[in-house]
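Take a look at the structure set out below.
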Amino acid sequence: MPAPPTSAGSRANRKRRLGNAAAAAGRAALEGSRRCELCGAAAARVRCEGCRLTYYCDVAHQKADWVSIHERICQLLIPIRMSVPFLLSEKERKHGTEQLVKRQKYIIDLAYSTAREFVWDGKHQEAIPAALHALRFSTEVYGSNSVQLVPAYLLLAEASTGVGRLPEASKYLSQAQWIVLTTPGCGTAVQCKLHRGLGLFCTAEGNFEQALYHLANDIYLASSTFGLKSVEASGGYFHMANVFFRQNKMDIANSLYAEVTDIWRAFLLKSVQAQERILESRPEMSPFAGDEEVGEDRMNRFTLRAAEAQRAEAIRVLSAVLDVREQAPKQRPGETAGVLHALAMLYYLTGDLPKAREAGLRAFHLLKPLPRQESLETIGHLLELINSQLSCSK
Ligand SMILES: [Zn+2]
Ligand SMILES: [Zn+2]
């Protein structure tokens, strides 16, 4: 990753040129009003030489912002932060405002998804500046009490919890909770997210009883909207299982992990079958070419992002359940095979064929010695699909 452009050299030159006291005083007043992009402190002195519009207290803050998000939005900030000439006509001003909001929304989307990816990778520290940008721009576009701010608050809470700053996390969660409580007719998806956020925070605090209360709410809301066996509800089951696991209540943890696995396995099986039908109708195409065409024709960016998020969640959750299964003192080969089967389908759908085959083969060998396994045939069929794809791509 390239280093952020610094302003140290040019600042020194300017200093020498600015001989008279009046200019120096003016500059000091300006610098005093400049706030650090990262922490908001006044009198920020280090300027980003890429956009020349962003200031920081010091190089450390500049670097932290750069690796999190600024590298990606440095140039995008220029049209947003340059002041609009005042002599424009009303029509031009209206157009200018529309353009500005469009650009701000783009940055919100980019900053939010960047932060979320960092959180998923366990890089909580790196996530925070990007999540703060998502929050800042959301506030500018939607106002400070909008329900649109809730995802950013929850992400900030999760990242802050991840770096052990629980009081900050608690503050962000209160903000999110306040917005949800004061927004009439707030959507179920947002309410689920809030309860999940609160549940995760209470888990981190070690307040398991309260954590289970929030996660139960998450599951209740998700399953009454999306269905009892929906992937939307599976996240709540997964986090609840983790709480019981930490309490060493293994029976209930195991049955909840099994529930999570079953939900994903059923969902992925349907996706594989749908994929197969596409392949049968257009045998000359690779499975993923079919996907792309659908992507261009019918899906908008939002649904693509949602599908991406769902895929990432599936990988995270199923890998965690696999770890639990593999490290259990008492092995349950049937359960382990179930997780491996789900992962094999997931890798197949994302085009990672070698990984798909490895997981599929492991599931197959675990199930083979067991009595009465109807899923053995399904896995065998999946392996055939994977092998035929692999031989095509050679
Ligand atoms: Zn700072
Ligand atoms: Zn910049």
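Labels used: A, B, ... for chains in the order of the structure tokens, numbers from 1 for residues in each chain, and numbers from 1 for ligands as shown.
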What are the closest atom pairs, with distances in Å to one decimal, for all residues of chain A lying within 7 Å of ligand 2? Consider only C-alpha atoms and all ligand atoms, order rows by chain and residue number, and present the result as a tab-separated table.
residue	atom	partner	partner_atom_place_in_ligand_line	distance
A:Cys48	CA	ligand 2	1 (Zn)	4.6
A:Glu49	CA	ligand 2	1 (Zn)	6.2
A:Gly50	CA	ligand 2	1 (Zn)	4.4
A:Cys51	CA	ligand 2	1 (Zn)	3.9
A:Arg52	CA	ligand 2	1 (Zn)	6.1
A:Leu53	CA	ligand 2	1 (Zn)	6.6
A:Thr54	CA	ligand 2	1 (Zn)	5.7
A:His70	CA	ligand 2	1 (Zn)	6.3
A:Cys74	CA	ligand 2	1 (Zn)	3.8
A:Gln75	CA	ligand 2	1 (Zn)	6.5
Atoms kept (C-alpha atoms) for selection, written as a short mmCIF file (atom, residue, chain, number, x, y, z; two decimals), in the first residue's frame:
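Heads up, here's the output in out.cif:
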data_model
loop_
_atom_site.label_atom_id
_atom_site.label_comp_id
_atom_site.auth_asym_id
_atom_site.auth_seq_id
_atom_site.Cartn_x
_atom_site.Cartn_y
_atom_site.Cartn_z
CA CYS A 48 -3.31 15.44 2.46
CA GLU A 49 -1.49 16.41 -0.73
CA GLY A 50 -3.73 14.14 -2.80
CA CYS A 51 -6.95 16.11 -2.38
CA ARG A 52 -5.41 19.17 -0.64
CA LEU A 53 -8.68 19.48 1.25
CA THR A 54 -8.27 17.12 4.17
CA HIS A 70 -9.01 7.91 2.61
CA CYS A 74 -9.27 11.02 -1.56
CA GLN A 75 -10.09 12.06 -5.14
#
Using only C-alpha atoms and all ligand atoms, which residues have at least one atom no more than 9 Å from ligand 1? Output them as a ChimeraX atom specification.
/A:35-42,44,55-62
Nearest to A:Gln275, chosen from A:Thr350, A:Gln327, A:Ser174, A:Gln210, with only C-alpha atoms counted in the distances:
A:Thr350
Nearby residues (only C-alpha atoms) at most 8 Å from stretch 190-196 of chain A, same-chain spacing under 6 positions excluded, as JSON, numbers by chain:
{"A": [150, 151, 154, 173, 176, 177, 180, 214, 215, 217, 218, 219, 221, 222, 236]}
Work out how far apart atom CA of A:Gln175 and atom CA of A:Leu135 are and give it in Å to one decimal.
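Here the two named atoms are 11.6 Å from each other.
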Distance query stretch 166-169 of chain A at most 12 Å, only C-alpha atoms, self and fewer than 2 positions along chain excluded, as a list in words:
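That gives Ile128, Ala152, Tyr153, Leu154, Leu155, Leu156, Ala157, Glu158, Ala159, Ser160, Thr161, Gly162, Val163, Gly164, Lys171, Tyr172, Leu173, Ser174, Gln175, Ala176, Gly197, Leu198, Leu200, Phe201, Cys202, Thr203, Ala204, Glu205 and Gly206 of chain A.
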Need the shell around stretch 376-384 of chain A: protein/DNA/RNA residues with any atom at most 10 Å away, counting only C-alpha atoms. Skip same-chain ones fewer than 5 positions apart. Format as a list in words?
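Final neighbour list, sorted by chain and number: Leu269, Val272, Gln273, Ala337, Gly338, Leu340, His341, Ala342, Ala344, Met345, Tyr348, Leu353, Ala356, Arg357, Glu358, Ala359, Gly360, Leu361, Ala363, Phe364, His365, Leu366, Leu367, Lys368, Leu370, Gln389 and Leu390 of chain A.
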Could you save the residues just selected, with C-alpha atoms, as a JSON list (two decimals), in the first residue's frame?
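Here's the written file part30.json:
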[["chain", "number", "residue", "atom", "x", "y", "z"],
["A", 269, "LEU", "CA", -28.98, -26.68, -2.03],
["A", 272, "VAL", "CA", -27.10, -25.13, -6.54],
["A", 273, "GLN", "CA", -30.23, -26.63, -8.11],
["A", 337, "ALA", "CA", -20.16, -33.64, 7.26],
["A", 338, "GLY", "CA", -23.26, -31.42, 7.15],
["A", 340, "LEU", "CA", -18.61, -29.47, 5.04],
["A", 341, "HIS", "CA", -21.40, -30.17, 2.55],
["A", 342, "ALA", "CA", -22.77, -26.63, 3.01],
["A", 344, "ALA", "CA", -18.68, -27.28, -0.54],
["A", 345, "MET", "CA", -21.85, -25.87, -2.12],
["A", 348, "TYR", "CA", -18.95, -24.21, -5.76],
["A", 353, "LEU", "CA", -13.77, -25.25, -7.32],
["A", 356, "ALA", "CA", -15.39, -26.98, -3.12],
["A", 357, "ARG", "CA", -13.96, -30.36, -4.07],
["A", 358, "GLU", "CA", -11.85, -30.62, -0.93],
["A", 359, "ALA", "CA", -14.81, -29.88, 1.37],
["A", 360, "GLY", "CA", -17.12, -32.14, -0.65],
["A", 361, "LEU", "CA", -14.68, -35.08, -0.52],
["A", 363, "ALA", "CA", -17.99, -34.67, 3.75],
["A", 364, "PHE", "CA", -18.33, -37.74, 1.53],
["A", 365, "HIS", "CA", -15.67, -39.74, 3.41],
["A", 366, "LEU", "CA", -17.11, -38.81, 6.80],
["A", 367, "LEU", "CA", -20.60, -39.93, 5.79],
["A", 368, "LYS", "CA", -19.68, -43.12, 3.94],
["A", 370, "LEU", "CA", -22.38, -44.07, 8.68],
["A", 389, "GLN", "CA", -16.47, -27.96, -14.11],
["A", 390, "LEU", "CA", -12.86, -28.59, -13.18]]
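Minimum atom-to-atom distance to A:Asp65, evaluated using only C-alpha atoms, belongs to A:Ala130 out of A:Val260, A:Ala130, A:Ala328, A:Val243.
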Residues within 9 Å of A:Asn254, please, as a count of residues only. Count only C-alpha atoms; anything in the same chain fewer than 5 positions from it doesn't count.
6
Measure the distance from atom CA of A:Ala216 to atom CA of A:Gln247 in Å and round it to one decimal.
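Atom CA of A:Ala216 sits 16.5 Å away from atom CA of A:Gln247.
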With DSSP run on the backbone, what are the alpha helix (DSSP H) residues within stretch 112-236 of chain A? I'd like them as a VMD selection string.
chain A and resid 112 to 120 124 to 142 150 to 162 166 to 182 188 to 205 208 to 226 231 to 236
For those residues, write C-alpha atoms to a file as a compact mmCIF listing (two decimals), in the first residue's frame.
# COMPACT_ATOMS: atom_id res chain seq x y z
CA TYR A 112 -19.85 1.41 4.90
CA SER A 113 -18.98 -1.67 2.85
CA THR A 114 -15.25 -1.06 3.37
CA ALA A 115 -15.75 -0.84 7.14
CA ARG A 116 -17.93 -3.93 7.16
CA GLU A 117 -15.28 -5.94 5.32
CA PHE A 118 -12.65 -4.87 7.85
CA VAL A 119 -14.94 -5.96 10.69
CA TRP A 120 -15.51 -9.32 9.02
CA HIS A 124 -11.63 -3.62 13.94
CA GLN A 125 -9.17 -0.76 14.31
CA GLU A 126 -8.98 -0.26 10.54
CA ALA A 127 -12.77 -0.35 10.30
CA ILE A 128 -13.37 2.63 12.58
CA PRO A 129 -12.30 5.58 10.34
CA ALA A 130 -14.28 4.17 7.40
CA ALA A 131 -17.35 3.60 9.57
CA LEU A 132 -17.04 7.15 10.92
CA HIS A 133 -17.07 8.47 7.36
CA ALA A 134 -20.20 6.46 6.61
CA LEU A 135 -21.81 8.00 9.68
CA ARG A 136 -20.63 11.53 8.91
CA PHE A 137 -21.88 11.51 5.32
CA SER A 138 -25.13 9.78 6.30
CA THR A 139 -25.73 12.55 8.83
CA GLU A 140 -25.07 15.19 6.16
CA VAL A 141 -27.42 13.57 3.67
CA TYR A 142 -30.22 12.26 5.89
CA VAL A 150 -28.44 2.98 12.29
CA PRO A 151 -26.24 0.58 10.24
CA ALA A 152 -23.23 2.90 10.64
CA TYR A 153 -23.81 3.25 14.40
CA LEU A 154 -24.08 -0.51 14.77
CA LEU A 155 -20.93 -1.09 12.76
CA LEU A 156 -19.08 1.47 14.90
CA ALA A 157 -20.35 -0.31 18.01
CA GLU A 158 -19.13 -3.66 16.72
CA ALA A 159 -15.71 -2.30 15.74
CA SER A 160 -15.33 -0.47 19.06
CA THR A 161 -16.25 -3.64 20.93
CA GLY A 162 -13.65 -5.47 18.84
CA LEU A 166 -16.85 -0.85 25.40
CA PRO A 167 -17.96 2.59 26.65
CA GLU A 168 -17.73 3.95 23.10
CA ALA A 169 -19.58 0.94 21.75
CA SER A 170 -22.29 1.48 24.32
CA LYS A 171 -22.63 5.12 23.28
CA TYR A 172 -23.05 4.18 19.61
CA LEU A 173 -25.62 1.53 20.49
CA SER A 174 -27.63 4.02 22.54
CA GLN A 175 -27.72 6.34 19.53
CA ALA A 176 -28.96 3.52 17.29
CA GLN A 177 -31.52 2.46 19.88
CA TRP A 178 -32.77 6.01 20.29
CA ILE A 179 -33.30 6.41 16.55
CA VAL A 180 -35.15 3.09 16.28
CA LEU A 181 -37.36 3.91 19.26
CA THR A 182 -38.25 7.34 17.93
CA THR A 188 -38.02 -5.15 10.85
CA ALA A 189 -34.62 -5.53 9.22
CA VAL A 190 -33.31 -2.51 11.14
CA GLN A 191 -34.86 -3.71 14.41
CA CYS A 192 -33.25 -7.14 13.93
CA LYS A 193 -29.90 -5.49 13.32
CA LEU A 194 -30.27 -3.42 16.46
CA HIS A 195 -31.11 -6.41 18.64
CA ARG A 196 -28.22 -8.34 17.14
CA GLY A 197 -25.89 -5.43 17.84
CA LEU A 198 -27.09 -5.22 21.43
CA GLY A 199 -26.80 -9.01 21.78
CA LEU A 200 -23.21 -9.01 20.53
CA PHE A 201 -22.30 -6.15 22.85
CA CYS A 202 -23.82 -7.88 25.90
CA THR A 203 -21.95 -11.07 24.94
CA ALA A 204 -18.68 -9.13 24.85
CA GLU A 205 -19.52 -7.64 28.24
CA PHE A 208 -25.10 -13.48 28.85
CA GLU A 209 -28.65 -13.25 30.13
CA GLN A 210 -29.22 -9.88 28.47
CA ALA A 211 -27.41 -11.09 25.34
CA LEU A 212 -29.82 -14.03 25.02
CA TYR A 213 -32.78 -11.71 25.49
CA HIS A 214 -31.68 -9.50 22.56
CA LEU A 215 -30.76 -12.42 20.33
CA ALA A 216 -34.13 -14.06 21.01
CA ASN A 217 -35.75 -10.79 19.90
CA ASP A 218 -33.60 -10.79 16.77
CA ILE A 219 -34.69 -14.36 15.95
CA TYR A 220 -38.34 -13.65 16.72
CA LEU A 221 -38.46 -10.57 14.47
CA ALA A 222 -36.47 -12.20 11.67
CA SER A 223 -38.49 -15.41 11.63
CA SER A 224 -41.85 -13.65 11.80
CA THR A 225 -40.88 -11.58 8.76
CA PHE A 226 -38.67 -13.89 6.71
CA VAL A 231 -31.09 -17.33 6.52
CA GLU A 232 -32.09 -13.99 8.07
CA ALA A 233 -33.01 -15.85 11.26
CA SER A 234 -29.91 -18.08 11.21
CA GLY A 235 -27.59 -15.28 12.34
CA GLY A 236 -29.48 -14.94 15.62
List the neighbours of A:Val321 out to 8 Å using only C-alpha atoms; skip same-chain residues closer than 6 positions along the sequence, and give me the result as a ChimeraX atom specification.
/A:257,261,339
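Taking atom CA of A:Ala253 and atom CA of A:Leu318 as the two end points, the separation is 14.5 Å.
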